[in-house]
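Have a look at the structure below before the remarks.
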Amino acid sequence: MSAISWSTGSVGRGWLASVRDAIVLDLVDPPALAQRAAQALHPTVGMSFTGVAIRGESGLFAMHGVAGGRHDSVLHQIRLSPGQGLGGKVVALREPVLVTDYVTDPAITTHFRELAILESLGSMAAVPVIAGGDVMPISCDISRRNPSMPS
């Protein structure tokens with residue numbers, strides 16, 4: 001029987017959940033999984049840019065998945081904590097958040113404003129994925145600003 005097919009709800013098998021989770025986590029490369037998720041989500045969502053940030057052991061979220069970015073190497077360096085930027089707001093609120101203009105929205109912290117200008121980011125939706133009561137990854141889907149719009 002595959003470790004992935006073990007049911008956590010089966011009587012007498014509850015102890016297998018931690019074993020299954022340890023096996024699966026050791027076999028899966030979270031940054032590679034985030035990148036594949038961003039690439040799979042990007043054409044489906046239909047926005048200019050899709051990012052997937054995953055929580056590391058430090059508690060910070062790292063943007064490991066990037067699709068449609070203009071400066072991928074810079075985007076992959078993003079690290080955020082609860083409350084920083086739109087992604088951090090989503091972690092703190094534990095619910096999706098949408099802004100119509102990331103650069104000018106007064107409710108968004110300025111931590112990533114320069115990068116948003118560099119990437120010409122406009123409207124943005126961020127969605128937390130909650131597993132076991134914790135926010136694990138965050139999906140950010142973003143449209144680019146119209147080139148004629150002022151930054």
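Letters for chains follow the order of the structure tokens (A, B, ...), residue numbers begin at 1 for each chain, and ligand numbers begin at 1 in the order shown.
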Requested in this report: For stretch 123-133 of chain A, please output as a PyMOL selection string all residues within 6 Å (counting only C-alpha atoms; exclusion window: fewer than 2 positions along the same chain).
Outcome: chain A and resi 96-102+135-143
For N, CA, C and O atoms, I'd like the residues from the last selection saved as a PDB file, in the first residue's frame.
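What follows is the written file selection-v5.pdb:
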ATOM      1  N   PRO A  96      -8.513  35.374   1.731  1.00  0.00           N
ATOM      2  CA  PRO A  96      -8.060  36.022   0.494  1.00  0.00           C
ATOM      3  C   PRO A  96      -8.197  37.541   0.577  1.00  0.00           C
ATOM      4  O   PRO A  96      -9.087  38.057   1.250  1.00  0.00           O
ATOM      5  N   VAL A  97      -7.307  38.231  -0.120  1.00  0.00           N
ATOM      6  CA  VAL A  97      -7.350  39.691  -0.177  1.00  0.00           C
ATOM      7  C   VAL A  97      -7.123  40.110  -1.626  1.00  0.00           C
ATOM      8  O   VAL A  97      -6.286  39.532  -2.323  1.00  0.00           O
ATOM      9  N   LEU A  98      -7.850  41.119  -2.066  1.00  0.00           N
ATOM     10  CA  LEU A  98      -7.727  41.658  -3.411  1.00  0.00           C
ATOM     11  C   LEU A  98      -7.482  43.155  -3.309  1.00  0.00           C
ATOM     12  O   LEU A  98      -8.133  43.845  -2.523  1.00  0.00           O
ATOM     13  N   VAL A  99      -6.528  43.652  -4.077  1.00  0.00           N
ATOM     14  CA  VAL A  99      -6.321  45.097  -4.195  1.00  0.00           C
ATOM     15  C   VAL A  99      -6.354  45.446  -5.679  1.00  0.00           C
ATOM     16  O   VAL A  99      -5.933  44.657  -6.520  1.00  0.00           O
ATOM     17  N   THR A 100      -6.874  46.627  -6.001  1.00  0.00           N
ATOM     18  CA  THR A 100      -6.974  47.027  -7.402  1.00  0.00           C
ATOM     19  C   THR A 100      -5.680  47.646  -7.915  1.00  0.00           C
ATOM     20  O   THR A 100      -5.439  47.648  -9.118  1.00  0.00           O
ATOM     21  N   ASP A 101      -4.848  48.170  -7.024  1.00  0.00           N
ATOM     22  CA  ASP A 101      -3.562  48.729  -7.429  1.00  0.00           C
ATOM     23  C   ASP A 101      -2.572  48.551  -6.279  1.00  0.00           C
ATOM     24  O   ASP A 101      -2.605  49.298  -5.295  1.00  0.00           O
ATOM     25  N   TYR A 102      -1.706  47.558  -6.412  1.00  0.00           N
ATOM     26  CA  TYR A 102      -0.770  47.220  -5.342  1.00  0.00           C
ATOM     27  C   TYR A 102       0.120  48.397  -4.971  1.00  0.00           C
ATOM     28  O   TYR A 102       0.383  48.641  -3.805  1.00  0.00           O
ATOM     29  N   VAL A 135      -1.457  28.346   7.743  1.00  0.00           N
ATOM     30  CA  VAL A 135      -1.271  28.801   6.371  1.00  0.00           C
ATOM     31  C   VAL A 135       0.037  28.188   5.900  1.00  0.00           C
ATOM     32  O   VAL A 135       1.085  28.389   6.505  1.00  0.00           O
ATOM     33  N   MET A 136      -0.024  27.416   4.835  1.00  0.00           N
ATOM     34  CA  MET A 136       1.169  26.754   4.316  1.00  0.00           C
ATOM     35  C   MET A 136       1.694  27.509   3.099  1.00  0.00           C
ATOM     36  O   MET A 136       2.635  28.244   3.221  1.00  0.00           O
ATOM     37  N   PRO A 137       1.077  27.375   1.918  1.00  0.00           N
ATOM     38  CA  PRO A 137       1.497  28.238   0.808  1.00  0.00           C
ATOM     39  C   PRO A 137       0.525  29.399   0.648  1.00  0.00           C
ATOM     40  O   PRO A 137      -0.576  29.404   1.201  1.00  0.00           O
ATOM     41  N   ILE A 138       0.973  30.381  -0.123  1.00  0.00           N
ATOM     42  CA  ILE A 138       0.148  31.512  -0.521  1.00  0.00           C
ATOM     43  C   ILE A 138       0.234  31.580  -2.041  1.00  0.00           C
ATOM     44  O   ILE A 138       1.331  31.517  -2.599  1.00  0.00           O
ATOM     45  N   SER A 139      -0.891  31.739  -2.687  1.00  0.00           N
ATOM     46  CA  SER A 139      -0.900  31.943  -4.133  1.00  0.00           C
ATOM     47  C   SER A 139      -1.198  33.413  -4.399  1.00  0.00           C
ATOM     48  O   SER A 139      -2.160  33.962  -3.853  1.00  0.00           O
ATOM     49  N   CYS A 140      -0.352  34.049  -5.193  1.00  0.00           N
ATOM     50  CA  CYS A 140      -0.536  35.454  -5.556  1.00  0.00           C
ATOM     51  C   CYS A 140      -0.709  35.528  -7.069  1.00  0.00           C
ATOM     52  O   CYS A 140       0.132  35.038  -7.814  1.00  0.00           O
ATOM     53  N   ASP A 141      -1.799  36.130  -7.493  1.00  0.00           N
ATOM     54  CA  ASP A 141      -2.071  36.283  -8.916  1.00  0.00           C
ATOM     55  C   ASP A 141      -2.227  37.767  -9.201  1.00  0.00           C
ATOM     56  O   ASP A 141      -2.997  38.460  -8.536  1.00  0.00           O
ATOM     57  N   ILE A 142      -1.464  38.242 -10.193  1.00  0.00           N
ATOM     58  CA  ILE A 142      -1.290  39.671 -10.367  1.00  0.00           C
ATOM     59  C   ILE A 142      -1.437  40.058 -11.828  1.00  0.00           C
ATOM     60  O   ILE A 142      -0.947  39.369 -12.717  1.00  0.00           O
ATOM     61  N   SER A 143      -2.065  41.199 -12.065  1.00  0.00           N
ATOM     62  CA  SER A 143      -2.101  41.758 -13.411  1.00  0.00           C
ATOM     63  C   SER A 143      -1.078  42.890 -13.473  1.00  0.00           C
ATOM     64  O   SER A 143      -0.747  43.499 -12.465  1.00  0.00           O
TER      65      SER A 143
END
Report task. List the neighbours of A:Ile108 out to 8 Å using only C-alpha atoms; skip same-chain residues closer than 4 positions along the sequence, and give me the result as a PyMOL selection string. Result -> chain A and resi 84-86+89+102
Those same residues, written as a short mmCIF file (atom, residue, chain, number, x, y, z; two decimals), in the first residue's frame with all heavy atoms?
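Once everything was written out, this is out36.cif:
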data_model
loop_
_atom_site.label_atom_id
_atom_site.label_comp_id
_atom_site.auth_asym_id
_atom_site.auth_seq_id
_atom_site.Cartn_x
_atom_site.Cartn_y
_atom_site.Cartn_z
N GLN A 84 3.58 41.66 6.23
CA GLN A 84 4.40 42.33 5.21
C GLN A 84 3.79 42.15 3.84
O GLN A 84 3.63 41.03 3.37
CB GLN A 84 5.82 41.76 5.17
CG GLN A 84 6.72 42.21 6.26
CD GLN A 84 8.13 41.70 6.02
OE1 GLN A 84 8.34 40.59 5.55
NE2 GLN A 84 9.10 42.52 6.36
N GLY A 85 3.49 43.26 3.18
CA GLY A 85 2.93 43.19 1.84
C GLY A 85 1.56 42.52 1.83
O GLY A 85 0.98 42.22 2.87
N LEU A 86 1.04 42.28 0.64
CA LEU A 86 -0.27 41.65 0.53
C LEU A 86 -0.22 40.20 0.97
O LEU A 86 -1.13 39.72 1.66
CB LEU A 86 -0.78 41.75 -0.91
CG LEU A 86 -2.22 41.28 -1.11
CD1 LEU A 86 -3.19 42.20 -0.37
CD2 LEU A 86 -2.56 41.24 -2.58
N LYS A 89 -0.29 40.09 4.62
CA LYS A 89 -1.62 40.45 5.11
C LYS A 89 -2.54 39.23 5.06
O LYS A 89 -3.33 38.97 5.96
CB LYS A 89 -2.19 41.59 4.27
CG LYS A 89 -3.50 42.13 4.76
CD LYS A 89 -3.90 43.38 3.99
CE LYS A 89 -5.11 44.00 4.63
NZ LYS A 89 -5.41 45.32 4.06
N TYR A 102 -1.71 47.56 -6.41
CA TYR A 102 -0.77 47.22 -5.34
C TYR A 102 0.12 48.40 -4.97
O TYR A 102 0.38 48.64 -3.80
CB TYR A 102 0.10 46.03 -5.76
CG TYR A 102 0.98 45.53 -4.65
CD1 TYR A 102 0.53 44.53 -3.79
CD2 TYR A 102 2.25 46.05 -4.44
CE1 TYR A 102 1.32 44.07 -2.76
CE2 TYR A 102 3.05 45.60 -3.39
CZ TYR A 102 2.58 44.61 -2.56
OH TYR A 102 3.36 44.17 -1.53
#
Query raised in the report: Can you tell me, as a list of chain:residue names, what residues are no more than 12 Å from A:Ala40 when counting only C-alpha atoms, ignoring any on the same chain fewer than 4 positions away?
Result: A:Leu33, A:Ala34, A:Gln35, A:Arg36, A:Thr44, A:Val45, A:Gly46, A:Phe49, A:Thr50, A:Gly51, A:Val52, A:Gly65, A:Val66, A:Ala67, A:Gly68, A:Ser139
**Report entry** Gap from atom CA of A:Ser48 to atom CA of A:Gln77 - Å, one decimal
**Finding:** 19.2 Å
Requested in this report: Excluding A:Ile117 and residues on its chain fewer than 5 positions from it, collect all residues at most 10 Å away from it, counting only C-alpha atoms, and give them as a PyMOL selection string.
Outcome: chain A and resi 102-103+112+122+144-145+151
Report task. Could you jot down the atom CA of A:Ala116 to atom CA of A:Gly56 separation for me, Å, one decimal place? Result -> 23.0 Å
Query raised in the report: Restricting the calculation to only C-alpha atoms, which member of A:Thr109, A:Ser81, A:Ser120, A:Thr104 is positioned closest to A:Gly69?
Result: A:Ser120
Report task. From the DSSP assignment of the backbone, select every residue of stretch 53-130 of chain A that is alpha helix (DSSP H), and format the answer as a PyMOL selection string. Result -> chain A and resi 72-75+85-93+113-118
